[in-house]
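Before any comments, here is the structure.
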Amino acid sequence: MILAALLALQAQSVYIDKPGVVRWTGNRQEAALFGANYVLPTASDYRAAGYLHADRKKMIDEDMAQFERMG
(Lines give C-alpha, C1' and ligand atoms only; values in the text may rest on other atoms or scores of the structure.)
Protein backbone atom coordinates (compact mmCIF):
# COMPACT_ATOMS: atom_id res chain seq x y z
CA MET A 1 0.00 0.00 0.00
CA ILE A 2 2.75 2.47 0.93
CA LEU A 3 4.76 1.50 -2.15
CA ALA A 4 1.74 2.16 -4.37
CA ALA A 5 1.30 5.60 -2.79
CA LEU A 6 4.98 6.43 -3.28
CA LEU A 7 4.85 5.36 -6.92
CA ALA A 8 1.74 7.50 -7.46
CA LEU A 9 3.49 10.50 -5.92
CA GLN A 10 6.54 9.95 -8.10
CA ALA A 11 4.32 9.90 -11.19
CA GLN A 12 2.80 13.22 -10.06
CA SER A 13 6.10 15.04 -9.50
CA VAL A 14 6.63 18.65 -10.51
CA TYR A 15 9.52 20.80 -11.66
CA ILE A 16 10.09 24.52 -12.14
CA ASP A 17 10.79 25.63 -15.70
CA LYS A 18 13.17 28.46 -16.69
CA PRO A 19 10.51 31.23 -16.45
CA GLY A 20 9.66 29.95 -12.94
CA VAL A 21 6.39 28.13 -13.67
CA VAL A 22 5.71 24.97 -11.66
CA ARG A 23 4.82 22.18 -14.11
CA TRP A 24 3.82 18.52 -13.88
CA THR A 25 6.63 16.24 -15.00
CA GLY A 26 4.34 13.83 -16.84
CA ASN A 27 2.49 16.20 -19.18
CA ARG A 28 4.38 19.51 -18.70
CA GLN A 29 1.14 21.38 -17.92
CA GLU A 30 1.21 24.10 -15.29
CA ALA A 31 0.57 22.70 -11.82
CA ALA A 32 -2.06 25.07 -10.44
CA LEU A 33 -2.34 24.06 -6.80
CA PHE A 34 -4.07 25.86 -3.96
CA GLY A 35 -2.72 26.33 -0.50
CA ALA A 36 -0.46 28.23 1.79
CA ASN A 37 1.60 27.38 4.81
CA TYR A 38 1.38 30.04 7.45
CA VAL A 39 2.45 29.99 11.06
CA LEU A 40 1.27 32.98 13.05
CA PRO A 41 3.77 34.62 12.07
CA THR A 42 6.64 32.18 12.44
CA ALA A 43 6.61 30.76 15.93
CA SER A 44 9.88 32.44 16.90
CA ASP A 45 8.73 35.84 15.58
CA TYR A 46 5.45 35.50 17.47
CA ARG A 47 7.27 34.63 20.68
CA ALA A 48 9.81 37.44 20.21
CA ALA A 49 6.99 39.93 19.68
CA GLY A 50 5.79 39.09 23.16
CA TYR A 51 9.21 39.78 24.64
CA LEU A 52 9.28 43.18 22.92
CA HIS A 53 5.62 43.98 23.69
CA ALA A 54 5.04 44.33 19.94
CA ASP A 55 1.56 44.33 18.43
CA ARG A 56 1.04 40.74 17.30
CA LYS A 57 -2.25 41.55 15.57
CA LYS A 58 -0.46 44.21 13.49
CA MET A 59 2.19 41.65 12.53
CA ILE A 60 -0.50 39.24 11.35
CA ASP A 61 -2.34 42.03 9.47
CA GLU A 62 0.91 42.91 7.68
CA ASP A 63 1.37 39.27 6.69
CA MET A 64 -2.20 39.05 5.38
CA ALA A 65 -1.65 42.23 3.35
CA GLN A 66 1.41 40.57 1.81
CA PHE A 67 -0.67 37.50 0.86
CA GLU A 68 -3.21 39.85 -0.74
CA ARG A 69 -0.48 41.59 -2.75
CA MET A 70 0.74 38.19 -3.95
CA GLY A 71 -2.75 37.43 -5.24
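Labeling convention for the C-alpha coordinates: chains A, B, ... as they appear, residues from 1 per chain, ligands from 1 in order of appearance.
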
Next on the checklist: DSSP on the backbone: which residues in stretch 18-61 of chain A end up as strand (DSSP E or B)? Give the answer as an MDAnalysis selection string.
Outcome noted: chainID A and resid 22:24 30

Please write the residues from the selection above to a file, keeping N, CA and C atoms, as an mmCIF file, in the first residue's frame.
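File produced: out.cif:
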data_model
loop_
_atom_site.group_PDB
_atom_site.id
_atom_site.type_symbol
_atom_site.label_atom_id
_atom_site.label_comp_id
_atom_site.auth_asym_id
_atom_site.auth_seq_id
_atom_site.Cartn_x
_atom_site.Cartn_y
_atom_site.Cartn_z
ATOM 1 N N VAL A 22 5.715 26.336 -12.177
ATOM 2 C CA VAL A 22 5.706 24.968 -11.655
ATOM 3 C C VAL A 22 4.890 24.115 -12.622
ATOM 4 N N ARG A 23 5.483 23.040 -13.120
ATOM 5 C CA ARG A 23 4.820 22.181 -14.108
ATOM 6 C C ARG A 23 4.862 20.718 -13.674
ATOM 7 N N TRP A 24 3.846 19.966 -14.110
ATOM 8 C CA TRP A 24 3.820 18.524 -13.879
ATOM 9 C C TRP A 24 4.868 17.875 -14.773
ATOM 10 N N GLU A 30 0.997 23.342 -16.527
ATOM 11 C CA GLU A 30 1.209 24.095 -15.286
ATOM 12 C C GLU A 30 0.485 23.408 -14.134
#

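The protein and nucleic acid residues lying at most 10 Å from stretch 43-50 of chain A are Arg56, Lys57, Met59 and Ile60 of chain A, with only C-alpha atoms considered and sequence neighbours fewer than 6 positions away removed.
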
Checklist entry - Looking only at the backbone, which of the residues in stretch 6-35 of chain A does DSSP tag as alpha helix (DSSP H), as number ranges by chain? => result A: 6-11

Checklist entry - Contacts of A:Val21 at 9 Å or less, counting only C-alpha atoms, minus same-chain residues fewer than 3 places along, as a PyMOL selection string? => result chain A and resi 15-18+30-31

Take the residues just selected and output them with N, CA and C atoms as a PDB file, in the first residue's frame.
ATOM      1  N   TYR A  15       8.234  20.138 -11.511  1.00  0.00           N
ATOM      2  CA  TYR A  15       9.518  20.805 -11.659  1.00  0.00           C
ATOM      3  C   TYR A  15       9.231  22.275 -11.937  1.00  0.00           C
ATOM      4  N   ILE A  16      10.240  23.106 -11.840  1.00  0.00           N
ATOM      5  CA  ILE A  16      10.094  24.523 -12.138  1.00  0.00           C
ATOM      6  C   ILE A  16      10.846  24.802 -13.430  1.00  0.00           C
ATOM      7  N   ASP A  17      10.133  25.342 -14.422  1.00  0.00           N
ATOM      8  CA  ASP A  17      10.788  25.633 -15.700  1.00  0.00           C
ATOM      9  C   ASP A  17      11.594  26.929 -15.627  1.00  0.00           C
ATOM     10  N   LYS A  18      12.294  27.277 -16.703  1.00  0.00           N
ATOM     11  CA  LYS A  18      13.170  28.455 -16.688  1.00  0.00           C
ATOM     12  C   LYS A  18      12.443  29.756 -16.342  1.00  0.00           C
ATOM     13  N   GLU A  30       0.997  23.342 -16.527  1.00  0.00           N
ATOM     14  CA  GLU A  30       1.209  24.095 -15.286  1.00  0.00           C
ATOM     15  C   GLU A  30       0.485  23.408 -14.134  1.00  0.00           C
ATOM     16  N   ALA A  31       1.172  23.273 -13.019  1.00  0.00           N
ATOM     17  CA  ALA A  31       0.570  22.696 -11.816  1.00  0.00           C
ATOM     18  C   ALA A  31      -0.051  23.840 -11.028  1.00  0.00           C
TER      19      ALA A  31
END

Item to check | atom CA of A:Arg69 to atom CA of A:Pro19, distance in Å rounded to a single decimal | outcome: 20.4 Å

Item to check | Separation of atom CA of A:Asp55 from atom CA of A:Gly71, in Å and rounded to one decimal | outcome: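 For atom CA of A:Asp55 relative to atom CA of A:Gly71, the distance reads 25.0 Å.
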
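A straight line drawn from atom CA of A:Thr25 to atom CA of A:Gln12 is 6.9 Å long.
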